[in-house]
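Shown next: start12.txt, containing compact mmCIF, C-alpha atoms.
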```txt
# COMPACT_ATOMS: atom_id res chain seq x y z
CA GLN Q 255 3.85 5.72 25.35
CA GLN Q 256 4.95 2.20 26.33
CA GLU Q 257 2.75 2.28 29.45
CA TRP Q 258 -0.19 3.42 27.37
CA LEU Q 259 0.33 0.54 24.94
CA LYS Q 260 0.52 -1.96 27.81
CA SER Q 261 -2.77 -0.70 29.20
CA LEU Q 262 -4.30 -0.88 25.72
CA ARG Q 263 -3.26 -4.53 25.33
CA SER Q 264 -4.87 -5.35 28.68
CA LEU Q 265 -8.28 -4.16 27.47
CA PRO Q 266 -10.77 -6.67 26.07
CA CYS Q 267 -10.31 -6.82 22.29
CA PRO Q 268 -13.53 -4.97 21.28
CA PHE Q 269 -12.73 -2.05 23.62
CA ALA Q 270 -9.11 -1.87 22.41
CA MET Q 271 -10.23 -1.90 18.78
CA ALA Q 272 -12.74 0.87 19.46
CA SER Q 273 -10.08 3.02 21.13
CA ILE Q 274 -7.67 2.59 18.22
CA ALA Q 275 -10.43 3.26 15.70
CA ARG Q 276 -11.05 6.66 17.28
CA LEU Q 277 -7.34 7.49 17.07
CA ARG Q 278 -7.20 6.49 13.42
CA LEU Q 279 -10.19 8.62 12.51
CA LEU Q 280 -8.63 11.86 13.78
CA PRO Q 281 -6.13 12.40 10.92
CA LEU Q 282 -8.55 10.94 8.37
CA ALA Q 283 -11.63 13.05 9.11
CA LEU Q 284 -10.50 16.10 7.14
CA LEU Q 285 -8.93 13.91 4.50
CA ALA Q 286 -12.22 12.13 3.80
CA ALA Q 287 -14.02 15.40 3.16
CA LEU Q 288 -11.28 16.54 0.78
CA TYR Q 289 -11.17 13.19 -0.99
CA LEU Q 290 -14.89 12.88 -1.70
CA GLY Q 291 -14.84 16.20 -3.53
CA SER Q 292 -11.55 15.70 -5.31
CA PRO Q 293 -10.95 14.93 -9.01
CA SER Q 294 -9.04 11.83 -7.88
CA PHE Q 295 -12.18 10.33 -6.32
CA VAL Q 296 -14.24 11.00 -9.46
CA THR Q 297 -11.50 9.41 -11.56
CA SER Q 298 -11.39 6.35 -9.30
CA LEU Q 299 -15.13 5.82 -9.80
CA ARG Q 300 -14.63 5.74 -13.56
CA ARG Q 301 -11.71 3.29 -13.43
CA PRO Q 302 -12.70 -0.32 -14.25
CA ALA Q 303 -12.76 -2.66 -11.27
CA GLN Q 304 -9.63 -4.78 -10.81
CA ARG Q 305 -9.61 -8.27 -9.41
CA GLU Q 306 -7.66 -9.02 -6.28
CA GLY Q 307 -4.30 -10.68 -6.76
CA THR Q 308 -4.12 -10.14 -10.53
CA ALA Q 309 -1.22 -8.66 -12.46
CA ARG Q 310 -1.97 -5.33 -14.10
CA SER Q 311 -0.21 -3.40 -16.85
CA ALA Q 312 -1.23 0.09 -17.93
CA GLU Q 313 -0.57 -0.36 -21.64
CA GLY Q 314 -2.11 1.36 -24.66
CA ASP Q 315 -4.00 4.56 -23.91
CA ALA Q 316 -3.03 4.64 -20.22
CA ALA Q 317 0.66 4.43 -21.09
CA ALA Q 318 0.26 7.16 -23.70
CA GLU Q 319 -1.42 9.51 -21.23
CA GLY Q 320 0.93 8.25 -18.49
CA ASN Q 321 3.75 10.50 -17.50
CA ALA Q 322 1.82 13.69 -18.23
CA GLY Q 323 -0.50 13.04 -15.30
CA ALA Q 324 1.86 11.21 -12.96
CA GLY Q 325 2.16 12.87 -9.57
CA ASP Q 326 -0.27 15.66 -10.48
CA SER Q 327 -3.21 14.67 -8.27
CA ALA Q 328 -4.84 17.45 -6.26
CA LEU Q 329 -5.11 15.02 -3.35
CA LEU Q 330 -1.37 14.51 -2.84
CA ALA Q 331 -0.85 17.64 -0.70
CA PRO Q 332 -3.46 16.74 1.98
CA LEU Q 333 -2.28 13.12 1.87
CA LYS Q 334 1.26 14.23 2.70
CA VAL Q 335 -0.06 16.05 5.78
CA ALA Q 336 -2.22 13.09 6.83
CA SER Q 337 0.72 10.73 6.36
CA LEU Q 338 2.73 12.63 8.98
CA GLY Q 339 -0.04 12.15 11.53
CA MET Q 340 -0.43 8.47 10.70
CA GLY Q 341 3.31 7.96 11.09
CA LEU Q 342 3.20 9.12 14.70
CA LEU Q 343 0.69 6.37 15.49
CA LYS Q 344 2.75 3.46 14.09
CA PRO Q 345 3.28 1.78 17.52
CA VAL Q 346 -0.47 1.90 18.15
CA PHE Q 347 -1.28 0.45 14.73
CA ALA Q 348 1.23 -2.38 15.25
CA ALA Q 349 -0.39 -3.34 18.56
CA GLU Q 350 -3.86 -3.14 17.02
CA ALA Q 351 -2.83 -5.32 14.05
CA LYS Q 352 -1.73 -8.12 16.38
CA LEU Q 353 -4.96 -7.88 18.38
CA GLN Q 354 -7.05 -8.00 15.23
CA ALA Q 355 -5.21 -10.97 13.72
CA LEU Q 356 -5.72 -13.15 16.82
CA ALA Q 357 -3.92 -16.54 16.63
CA TYR Q 358 -2.20 -17.64 13.42
CA ASP Q 359 0.76 -19.67 12.15
CA GLU Q 360 3.56 -17.10 11.81
CA GLU Q 361 5.79 -19.27 9.61
CA GLU Q 362 2.96 -20.07 7.21
CA ILE Q 363 1.94 -16.42 6.84
CA ARG Q 364 5.53 -15.28 6.38
CA ALA Q 365 6.05 -17.89 3.67
CA LYS Q 366 2.95 -16.64 1.83
CA ILE Q 367 4.13 -13.03 2.05
CA ALA Q 368 7.61 -14.00 0.79
CA ALA Q 369 6.05 -15.74 -2.22
CA GLU Q 370 3.65 -12.88 -2.95
CA VAL Q 371 6.22 -10.07 -2.90
CA LYS Q 372 8.27 -11.92 -5.52
CA SER Q 373 5.30 -12.92 -7.70
CA ALA Q 374 5.44 -9.79 -9.89
CA PRO Q 375 7.90 -6.97 -10.66
CA VAL Q 376 5.82 -4.71 -8.41
CA VAL Q 377 3.42 -5.89 -5.72
CA VAL Q 378 1.05 -3.51 -3.94
CA TYR Q 379 -0.92 -4.53 -0.84
CA THR Q 380 -3.98 -2.29 -0.62
CA TYR Q 381 -7.33 -1.45 0.94
CA SER Q 382 -9.90 -0.87 -1.79
CA LEU Q 383 -11.40 2.20 -0.08
CA SER Q 384 -8.15 3.87 0.97
CA PRO Q 385 -7.28 7.18 -0.76
CA PHE Q 386 -3.59 6.45 -0.12
CA CYS Q 387 -3.92 3.16 -2.04
CA THR Q 388 -5.96 4.76 -4.83
CA GLU Q 389 -3.26 7.39 -5.38
CA ALA Q 390 -0.49 4.76 -5.35
CA THR Q 391 -2.08 2.63 -8.08
CA LYS Q 392 -3.04 5.78 -10.00
CA LEU Q 393 0.63 6.86 -10.10
CA LEU Q 394 1.77 3.42 -11.24
CA ASP Q 395 -0.93 3.39 -13.93
CA ALA Q 396 0.13 6.85 -15.12
CA LEU Q 397 3.73 5.66 -15.49
CA GLY Q 398 2.62 2.58 -17.44
CA ALA Q 399 4.05 0.22 -14.83
CA GLU Q 400 3.18 -3.45 -14.62
CA TYR Q 401 2.17 -4.41 -11.09
CA LYS Q 402 0.11 -6.83 -9.04
CA GLU Q 403 -2.43 -5.48 -6.57
CA ILE Q 404 -3.40 -7.61 -3.58
CA GLN Q 405 -6.44 -6.20 -1.79
CA LEU Q 406 -6.46 -7.22 1.86
CA ALA Q 407 -9.85 -5.65 2.64
CA PRO Q 408 -11.99 -2.58 1.87
CA GLU Q 409 -10.44 -1.01 5.02
CA TRP Q 410 -8.38 -2.13 8.03
CA PHE Q 411 -11.34 -2.60 10.39
CA LEU Q 412 -13.01 -5.03 7.95
CA MET Q 413 -10.09 -7.49 7.84
CA LEU Q 414 -10.44 -10.99 9.16
CA GLY Q 415 -8.52 -14.26 9.11
CA GLU Q 416 -5.50 -14.70 6.86
CA ASN Q 417 -5.44 -11.15 5.51
CA ALA Q 418 -5.43 -9.71 9.04
CA ALA Q 419 -2.54 -12.05 9.83
CA LYS Q 420 -0.67 -10.87 6.73
CA ARG Q 421 -1.05 -7.26 7.84
CA ALA Q 422 0.26 -8.11 11.31
CA GLU Q 423 3.28 -9.95 9.88
CA LEU Q 424 4.02 -7.17 7.40
CA GLY Q 425 4.29 -5.00 10.49
CA VAL Q 426 6.67 -7.43 12.20
CA LEU Q 427 8.85 -7.95 9.13
CA TYR Q 428 8.93 -4.43 7.72
CA GLY Q 429 7.65 -2.16 10.49
CA ARG Q 430 4.60 -1.12 8.50
CA THR Q 431 0.94 -2.09 9.01
CA SER Q 432 -0.58 0.77 6.99
CA MET Q 433 -1.53 0.35 3.35
CA PRO Q 434 -0.47 0.63 0.65
CA HIS Q 435 2.62 -1.45 1.20
CA ILE Q 436 4.62 -1.50 -2.02
CA PHE Q 437 7.35 -3.92 -3.12
CA ILE Q 438 9.54 -3.29 -6.17
CA GLY Q 439 11.70 -6.22 -7.24
CA GLY Q 440 10.86 -7.94 -3.94
CA GLU Q 441 12.11 -4.97 -1.90
CA SER Q 442 9.81 -2.94 0.35
CA ILE Q 443 9.74 0.76 -0.53
CA GLY Q 444 7.07 1.56 2.09
CA GLY Q 445 3.82 3.26 1.15
CA LEU Q 446 2.64 6.25 -0.80
CA MET Q 447 4.50 8.96 1.11
CA ASP Q 448 6.95 7.26 3.47
CA GLY Q 449 9.46 4.47 3.79
CA PRO Q 450 10.91 6.10 1.43
CA GLY Q 451 7.57 5.97 -0.41
CA LEU Q 452 6.29 5.97 -3.97
CA VAL Q 453 5.80 9.74 -4.32
CA PRO Q 454 9.19 10.76 -2.84
CA LEU Q 455 10.92 8.29 -5.16
CA TYR Q 456 8.98 9.70 -8.12
CA GLU Q 457 9.82 13.27 -7.15
CA SER Q 458 13.53 12.44 -6.82
CA GLY Q 459 13.58 10.70 -10.21
CA GLU Q 460 14.49 7.31 -8.71
CA LEU Q 461 11.16 5.55 -9.19
CA GLN Q 462 11.33 4.94 -12.94
CA GLU Q 463 14.87 3.57 -12.59
CA LYS Q 464 13.73 1.12 -9.90
CA LEU Q 465 10.72 0.08 -11.98
CA ARG Q 466 12.91 -0.58 -15.03
CA ALA Q 467 15.43 -2.54 -12.98
CA ALA Q 468 12.60 -4.75 -11.67
CA GLY Q 469 11.14 -5.28 -15.15
CA SER Q 470 7.97 -3.30 -14.47
CA LEU Q 471 8.86 -0.74 -17.17
CA PRO Q 472 10.65 -1.45 -20.47
CA ALA Q 473 14.28 -0.44 -20.63
CA VAL Q 474 15.01 2.86 -22.36
CA ASN Q 475 16.25 2.65 -25.98
CA GLN Q 476 16.55 -1.10 -25.84
CA ASP Q 477 17.50 -2.51 -29.24
CA PRO Q 478 15.49 -5.41 -30.73
CA LEU Q 479 18.26 -7.98 -30.10
CA SER Q 480 18.47 -7.01 -26.42
CA SER Q 481 14.68 -7.36 -26.11
CA ILE Q 482 14.80 -10.87 -27.58
CA MET Q 483 17.68 -11.91 -25.32
CA ALA Q 484 15.88 -10.51 -22.24
CA SER Q 485 12.76 -12.52 -23.10
CA LEU Q 486 14.82 -15.74 -23.25
CA ARG Q 487 16.33 -15.33 -19.77
```
Before anything else, please render the file you have as structure tokens.
Amino acid sequence: QQEWLKSLRSLPCPFAMASIARLRLLPLALLAALYLGSPSFVTSLRRPAQREGTARSAEGDAAAEGNAGAGDSALLAPLKVASLGMGLLKPVFAAEAKLQALAYDEEEIRAKIAAEVKSAPVVVYTYSLSPFCTEATKLLDALGAEYKEIQLAPEWFLMLGENAAKRAELGVLYGRTSMPHIFIGGESIGGLMDGPGLVPLYESGELQEKLRAAGSLPAVNQDPLSSIMASLR
């Protein structure tokens, strides 16, 4: 594997990118067909567009519907399978991310990432066209969680400049270049299915606790005086 990566880095950038693109498309080919016909895709078309880098809170009707639909998407099963295949290619993706980012100021990009991951109770780096990212924000919406979504690009191969550098440095700092990359209370919890991942945390019952601890969900049975005191901190 290491020899293969060395030979990949020696290729001219366009050829290396093309080789990696073909590898990425293998686990996603079946997934795309399933996604386009899934209820999740139809739902995502109906959801109002969200602006990059803005805080979001699923209050009102979304919070009322919330927990009943959390984790119930028909797309989660094929995404779990696809996630296993993507995980095997992590070293390839890390090499590709560095190639794509070209030259950049590492300290500057790391400082921006450090500020962003602490800018909201939950921060989610996404691609706007990724089914993994769509399912992650859908789950957070269903739980009524407050979060900030930062869209790096429509997809990985369309990233340029600073956002490509952020992806590369997220890989260096946290060992993850795939999106979504989710932070709760400034701590990386990985993506949708791994690292430990949003869905595994939800299935184990730990997600809501983490969200409450970070201030993304209101505390359970909090009395009025406690609410006032918390708002003054």
Which value, in Å to one decimal, gives the distance between CA of Ser337 in chain Q and CA of Gly445 in chain Q?
9.6 Å
Which residue is closest to Leu333 in chain Q? Choose from Q:Glu389, Q:Glu409, Q:Glu423, Q:Glu361 and count all atoms listed in the file.
Q:Glu389
Between CA of Arg421 in chain Q and CA of Ala357 in chain Q, what is the spacing in Å?
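Atom-to-atom, CA of Ala357 in chain Q and CA of Arg421 in chain Q are spaced 13.1 Å apart.
Proximity ranking of Q:Ala467, Q:Ala355, Q:Met433, Q:Leu393 relative to Leu414 in chain Q places Q:Ala355 first, based on all atoms listed in the file.
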For Gly439 in chain Q, work out the shell of residues within 12 Å, counting all atoms listed in the file and skipping chain neighbours fewer than 2 positions away, then give it as a compact mmCIF listing (two decimals) with C-alpha atoms, keeping the file's coordinate frame.
```txt
# COMPACT_ATOMS: atom_id res chain seq x y z
CA ALA Q 368 7.61 -14.00 0.79
CA GLU Q 370 3.65 -12.88 -2.95
CA VAL Q 371 6.22 -10.07 -2.90
CA LYS Q 372 8.27 -11.92 -5.52
CA SER Q 373 5.30 -12.92 -7.70
CA ALA Q 374 5.44 -9.79 -9.89
CA PRO Q 375 7.90 -6.97 -10.66
CA VAL Q 376 5.82 -4.71 -8.41
CA VAL Q 377 3.42 -5.89 -5.72
CA VAL Q 378 1.05 -3.51 -3.94
CA GLU Q 400 3.18 -3.45 -14.62
CA TYR Q 401 2.17 -4.41 -11.09
CA LYS Q 402 0.11 -6.83 -9.04
CA ILE Q 436 4.62 -1.50 -2.02
CA PHE Q 437 7.35 -3.92 -3.12
CA GLU Q 441 12.11 -4.97 -1.90
CA SER Q 442 9.81 -2.94 0.35
CA ILE Q 443 9.74 0.76 -0.53
CA LEU Q 461 11.16 5.55 -9.19
CA GLU Q 463 14.87 3.57 -12.59
CA LYS Q 464 13.73 1.12 -9.90
CA LEU Q 465 10.72 0.08 -11.98
CA ARG Q 466 12.91 -0.58 -15.03
CA ALA Q 467 15.43 -2.54 -12.98
CA ALA Q 468 12.60 -4.75 -11.67
CA GLY Q 469 11.14 -5.28 -15.15
CA SER Q 470 7.97 -3.30 -14.47
CA LEU Q 471 8.86 -0.74 -17.17
```
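Here CA of Pro408 in chain Q stands at a distance of 26.3 Å from CA of Tyr456 in chain Q.
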Rank nothing, just name the residue among Q:Pro332, Q:Pro450, Q:Gly415, Q:Gly398 nearest to Ile363 in chain Q, using all atoms listed in the file.
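Among Q:Pro332, Q:Pro450, Q:Gly415, Q:Gly398, it is Q:Gly415 that comes nearest to Ile363 in chain Q.
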Counting only C-alpha atoms, figure out which residue out of Q:Ser382, Q:Thr391, Q:Ser432, Q:Gln354 gets nearest to Leu342 in chain Q.
Q:Ser432
Nearest to Lys344 in chain Q: which of Q:Gly440, Q:Gly429, Q:Pro385, Q:Gly449 is it, counting only C-alpha atoms?
Q:Gly429
Name all residues at most 9 Å from Lys420 in chain Q (count all atoms listed in the file; drop same-chain ones fewer than 4 positions away) and give them as a PyMOL selection string.
chain Q and resi 355+363-364+366-367+406+415-416+424-425
Of the candidates Q:Phe386, Q:Glu457, Q:Met413, Q:Thr431, which one gets nearest to Val335 in chain Q if we count only C-alpha atoms?
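Looking at the shortest contact to Val335 in chain Q, the residue is Q:Phe386.
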